[in-house]
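Q: A single structure is presented below for examination.
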Amino acid sequence: MTNELRYDETDIDEFRKEVSAWLQANKPRDPGFLLPQTFLEIGSEEVLDFLREWQFKVWSAGYLGMAWPREYGGGGLPIIYQQIADEEMKRLRVPILFNVIGLGWAGPLIINMGNDYEKKTYLKNILSAEDIWCQGFSEPNHGSDLGSIQTQAKREGDEYIINGNKIWTTLGNFAKYMILLARTEPKTERRYDGLSFFLAPMKVKGISTKPIQKLTGEYGFTETFFEDARIPASSLMGEEGWGWRIAMLTLQYERGAEAGAAGGPAMTPIYMSDLIAMTRKITRENEPLISDPVTRDELVKFMIEEKAILLGEKRANVPQLCSDYPRSLSLSHKLRTSEHFRKMRQYAITLQGAKGGLYVGDDEAIQGGFWQRAYLNNFGITIGGGTSQIQTNIVAEHVLGLPKD
Ligand SMILES: Cc1cc2nc3c(=O)[nH]c(=O)nc-3n(C[C@H](O)[C@H](O)[C@H](O)COP(=O)(O)OP(=O)(O)OC[C@H]3O[C@@H](n4cnc5c(N)ncnc54)[C@H](O)[C@@H]3O)c2cc1C
């Protein structure tokens, strides 16, 4: 990335005004259908087209991939510009930038360790949303236990033949490419050694997808089947046997433990200010809930947690402030944020009393069931990319140095 480039504080202030003005002028109108709160629940072509057009517009205006190299469609600027654009996108509540597996993990991975061909072929189209990416790691019996995956990739001439079954493939039915973890060596002493990593095309004979419905009633991921699917041998990333190492690096990007994402909000920001706004509107015994001392106490606890998370994100970028437990902030980021949001959203529903049980589509639901949908969606966030239990193990072992068992 281009953190090392110099920038001027006055430029930055001007830039914030510029991006804010652009976003206000170009923010899409309400499309008249329910937009997803996260990139994990895009279930129809209609929603996809809307978000695709929006991402293309943001990228064309120069506010996405600002720190990615210029020769591959990026802006070649210091990362601070993207951070400001992201802050403004969140503040102005524009729609999410949905192509997250490309923007957030496949893209940075390709920039980090891809060859020139891979960079030229994939990066620009990730930014423009022309190519949608998905991730084929989990299998029906191997999620947390990723090292045991069974999908096979067998080399035959200039191709690999893929056989197996992946599951929970976010954006699987729309994707043109998949970051695929598969076994090229069935028998190795250490199970990790037989794995390889592919930048695999999805639109080939022998690959099919079946949408899976979520707790929220929405769709967004698929089961993905490979039956003698032939992909070019050039889709192999690095060398055979490097799969585990590349997959672990990918997960660092996915969990927010490594920088490099192109930018843009992947999820609708839902902050304490939103919850406080709700407590001003709901009344109990004719008084707004915000004036109840017990509620205020609870709100303050959540506000402290939110502030700590936001300050932690800033602190993580200053190595001198992270020397006591190196990487503690980055490695615990996913666990802290996803669990905080889950508890905060659950509390929002509790505050709604009897109406807490109403969902999207019910005329009586508070804010159209926004908090209920957000709460149910949040379970996916505590699971995808490694469950909270797995994240806790990582912190225990890699930050605190506790023994494995
Ligand atoms: C919304 C969503 C989107 C997803 N998108 C994708 C995607 O695009 N691509 C993809 O490949 N996968 C995706 N996943 C899959 C996700 O990565 C897995 O669900 C996750 O890694 C857990 O694996 P599992 O479902 O097999 O559960 P399991 O691994 O079977 O876990 C079951 C339970 O056991 C616990 N557990 C397991 N092992 C341990 C341990 N060692 N210590 C303590 N507790 C443990 C877990 O925490 C969990 O509570 C997605 C999941 C969700 C929910």
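For the structure tokens, the naming scheme is as follows: chains receive sequential letters (A, B, ...) according to their order of presentation, residues are indexed from 1 within each chain, and ligands are indexed from 1 in presentation order.
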With only C-alpha atoms and all ligand atoms counted, collect every polymer residue having an atom within 8 Å of ligand 1; state the result as a VMD selection string.

A: chain A and resid 40 to 41 101 134 to 146 166 to 172 220 to 221 377 379 to 390 393

Q: Name the residues in contact with segment 27-33 of chain A at a cut-off of 8 Å, using only C-alpha atoms, excluding same-chain residues fewer than 3 positions from it; report them as a list in words.

A: Leu23, Gln24, Trp54, Val94 and Pro95 of chain A

Q: I need the residues from that last selection saved to file as a tab-separated table (two decimals), in the first residue's frame (with N, CA and C atoms), if you can.

A:
```
chain	number	residue	atom	x	y	z
A	23	LEU	N	-20.74	12.90	-2.52
A	23	LEU	CA	-21.64	11.85	-2.02
A	23	LEU	C	-23.06	12.41	-1.86
A	24	GLN	N	-23.16	13.61	-1.36
A	24	GLN	CA	-24.50	14.19	-1.18
A	24	GLN	C	-25.19	14.40	-2.53
A	54	TRP	N	-23.87	1.35	-8.13
A	54	TRP	CA	-23.39	2.31	-7.13
A	54	TRP	C	-21.88	2.16	-6.94
A	94	VAL	N	-24.60	6.19	2.82
A	94	VAL	CA	-24.82	5.78	1.42
A	94	VAL	C	-24.88	4.26	1.39
A	95	PRO	N	-25.37	3.66	0.31
A	95	PRO	CA	-25.43	2.19	0.27
A	95	PRO	C	-24.04	1.55	0.42
```

Q: Let me make sure I understand: among A:His333, A:Arg315, A:Arg230, A:Lys307, which one has the smallest atom-to-atom distance to Gln252 of chain A if we use only C-alpha atoms?

A: A:His333

Q: With only C-alpha atoms as the counted atoms, please give the residues lying no more than 9 Å from Tyr160 of chain A, apart from itself and same-chain residues fewer than 3 positions off, as a ChimeraX atom specification.

A: /A:153-157,229-233,235-236

Q: Write the residues you've just listed into a file as a compact mmCIF listing (two decimals), in the first residue's frame, and include C-alpha atoms for each of them.

A:
```
# COMPACT_ATOMS: atom_id res chain seq x y z
CA ALA A 153 -7.91 -30.48 -7.38
CA LYS A 154 -6.13 -32.89 -9.70
CA ARG A 155 -3.69 -31.62 -12.33
CA GLU A 156 -4.25 -32.89 -15.87
CA GLY A 157 -2.24 -31.14 -18.56
CA ALA A 229 -15.04 -28.95 -13.20
CA ARG A 230 -12.01 -28.04 -15.30
CA ILE A 231 -10.22 -24.80 -14.50
CA PRO A 232 -7.01 -23.53 -16.16
CA ALA A 233 -3.79 -24.55 -14.40
CA SER A 235 -5.55 -20.28 -11.77
CA LEU A 236 -3.20 -21.78 -9.19
```

Q: Would you mind telling me which residue in A:Thr250, A:Thr184, A:Asn163, A:Ser234 lies nearest to Gly104 of chain A when using only C-alpha atoms?

A: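 Comparing A:Thr250, A:Thr184, A:Asn163, A:Ser234 against Gly104 of chain A, the winner is A:Thr250.
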
Q: With only C-alpha atoms as the counted atoms, please give the residues lying no more than 7 Å from Tyr253 of chain A, apart from itself and same-chain residues fewer than 4 positions off, as a ChimeraX atom specification.

A: /A:104-105,249,257-259

Q: Using the chain letters and numbers from this document, which residues of segment 88-235 of chain A does DSSP assign to alpha helix (DSSP H), as a ChimeraX atom specification?

A: /A:88-91,100,107-113,116-127

Q: Which residue gives the smallest distance to Ala396 of chain A among A:Met248, A:Ile270, A:Ser328, A:Phe198, with only C-alpha atoms counted?

A: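 So, comparing all the options, the nearest one is A:Ser328.
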
Q: Which residues, written as a list in words, have at least one atom at most 10 Å from Arg91 of chain A, with only C-alpha atoms counted and residues fewer than 4 positions away on the same chain left out?

A: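 Here the qualifying residues turn out to be Ser20, Ala85, Asp86, Glu87 and Pro269 of chain A.
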
Q: Could you save those same residues with N, CA and C atoms as an mmCIF file, in the first residue's frame?

A:
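Result file out-v9.cif:
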```
data_model
loop_
_atom_site.group_PDB
_atom_site.id
_atom_site.type_symbol
_atom_site.label_atom_id
_atom_site.label_comp_id
_atom_site.auth_asym_id
_atom_site.auth_seq_id
_atom_site.Cartn_x
_atom_site.Cartn_y
_atom_site.Cartn_z
ATOM 1 N N SER A 20 -17.499 14.684 0.503
ATOM 2 C CA SER A 20 -18.802 14.839 1.133
ATOM 3 C C SER A 20 -19.798 15.460 0.138
ATOM 4 N N ALA A 85 -12.693 9.073 2.858
ATOM 5 C CA ALA A 85 -13.843 8.764 1.986
ATOM 6 C C ALA A 85 -14.765 7.759 2.693
ATOM 7 N N ASP A 86 -14.166 6.759 3.349
ATOM 8 C CA ASP A 86 -14.972 5.753 4.064
ATOM 9 C C ASP A 86 -15.767 6.395 5.200
ATOM 10 N N GLU A 87 -15.106 7.271 5.927
ATOM 11 C CA GLU A 87 -15.801 7.947 7.042
ATOM 12 C C GLU A 87 -17.008 8.727 6.517
ATOM 13 N N PRO A 269 -23.578 1.173 8.719
ATOM 14 C CA PRO A 269 -23.097 1.476 10.062
ATOM 15 C C PRO A 269 -24.266 1.657 11.026
#
```

Q: Would you mind reading off the distance between atom CA of Thr188 of chain A and atom CA of Glu159 of chain A, one decimal, in Å?

A: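 Straight-line distance from atom CA of Thr188 of chain A to atom CA of Glu159 of chain A works out to 22.0 Å.
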
Q: Pick out the residues sitting within 12 Å of Ile42 of chain A, and hand them over as a PyMOL selection string; count only C-alpha atoms, and ignore anything fewer than 6 positions along from it in its own chain.

A: chain A and resi 34-36+48-52+96-100+169-175+211-214+216-222+266-267

Q: Record the distance separating atom CA of Gly243 of chain A and atom CA of Leu335 of chain A, expressed in Å with one decimal.

A: 24.8 Å

Q: Please give the complete set of residues from segment 218-400 of chain A that DSSP, run on the backbone, assigns to strand (DSSP E or B), formatted as number ranges by chain.

A: A: 219-232, 236-237, 267, 283-284, 287-288

Q: Atoms to include: C-alpha atoms. Write the selected residues as a PDB file, in the first residue's frame.

A:
```pdb
ATOM      1  CA  TYR A 219     -30.700 -15.251   0.626  1.00  0.00           C
ATOM      2  CA  GLY A 220     -27.045 -14.369   0.234  1.00  0.00           C
ATOM      3  CA  PHE A 221     -24.993 -17.521   0.168  1.00  0.00           C
ATOM      4  CA  THR A 222     -25.000 -20.867  -1.580  1.00  0.00           C
ATOM      5  CA  GLU A 223     -23.912 -24.436  -1.443  1.00  0.00           C
ATOM      6  CA  THR A 224     -21.413 -24.882  -4.295  1.00  0.00           C
ATOM      7  CA  PHE A 225     -20.816 -28.167  -6.109  1.00  0.00           C
ATOM      8  CA  PHE A 226     -17.830 -29.160  -8.247  1.00  0.00           C
ATOM      9  CA  GLU A 227     -18.275 -32.163 -10.513  1.00  0.00           C
ATOM     10  CA  ASP A 228     -15.268 -32.712 -12.747  1.00  0.00           C
ATOM     11  CA  ALA A 229     -15.039 -28.946 -13.200  1.00  0.00           C
ATOM     12  CA  ARG A 230     -12.009 -28.040 -15.302  1.00  0.00           C
ATOM     13  CA  ILE A 231     -10.216 -24.800 -14.497  1.00  0.00           C
ATOM     14  CA  PRO A 232      -7.010 -23.528 -16.157  1.00  0.00           C
ATOM     15  CA  LEU A 236      -3.200 -21.782  -9.185  1.00  0.00           C
ATOM     16  CA  MET A 237      -1.868 -19.020  -6.956  1.00  0.00           C
ATOM     17  CA  MET A 267     -22.153  -3.002   6.210  1.00  0.00           C
ATOM     18  CA  THR A 283     -41.942   6.229  25.507  1.00  0.00           C
ATOM     19  CA  ARG A 284     -42.505   4.436  28.779  1.00  0.00           C
ATOM     20  CA  GLU A 287     -41.743   9.685  29.192  1.00  0.00           C
ATOM     21  CA  PRO A 288     -39.107   9.106  26.504  1.00  0.00           C
TER      22      PRO A 288
END
```
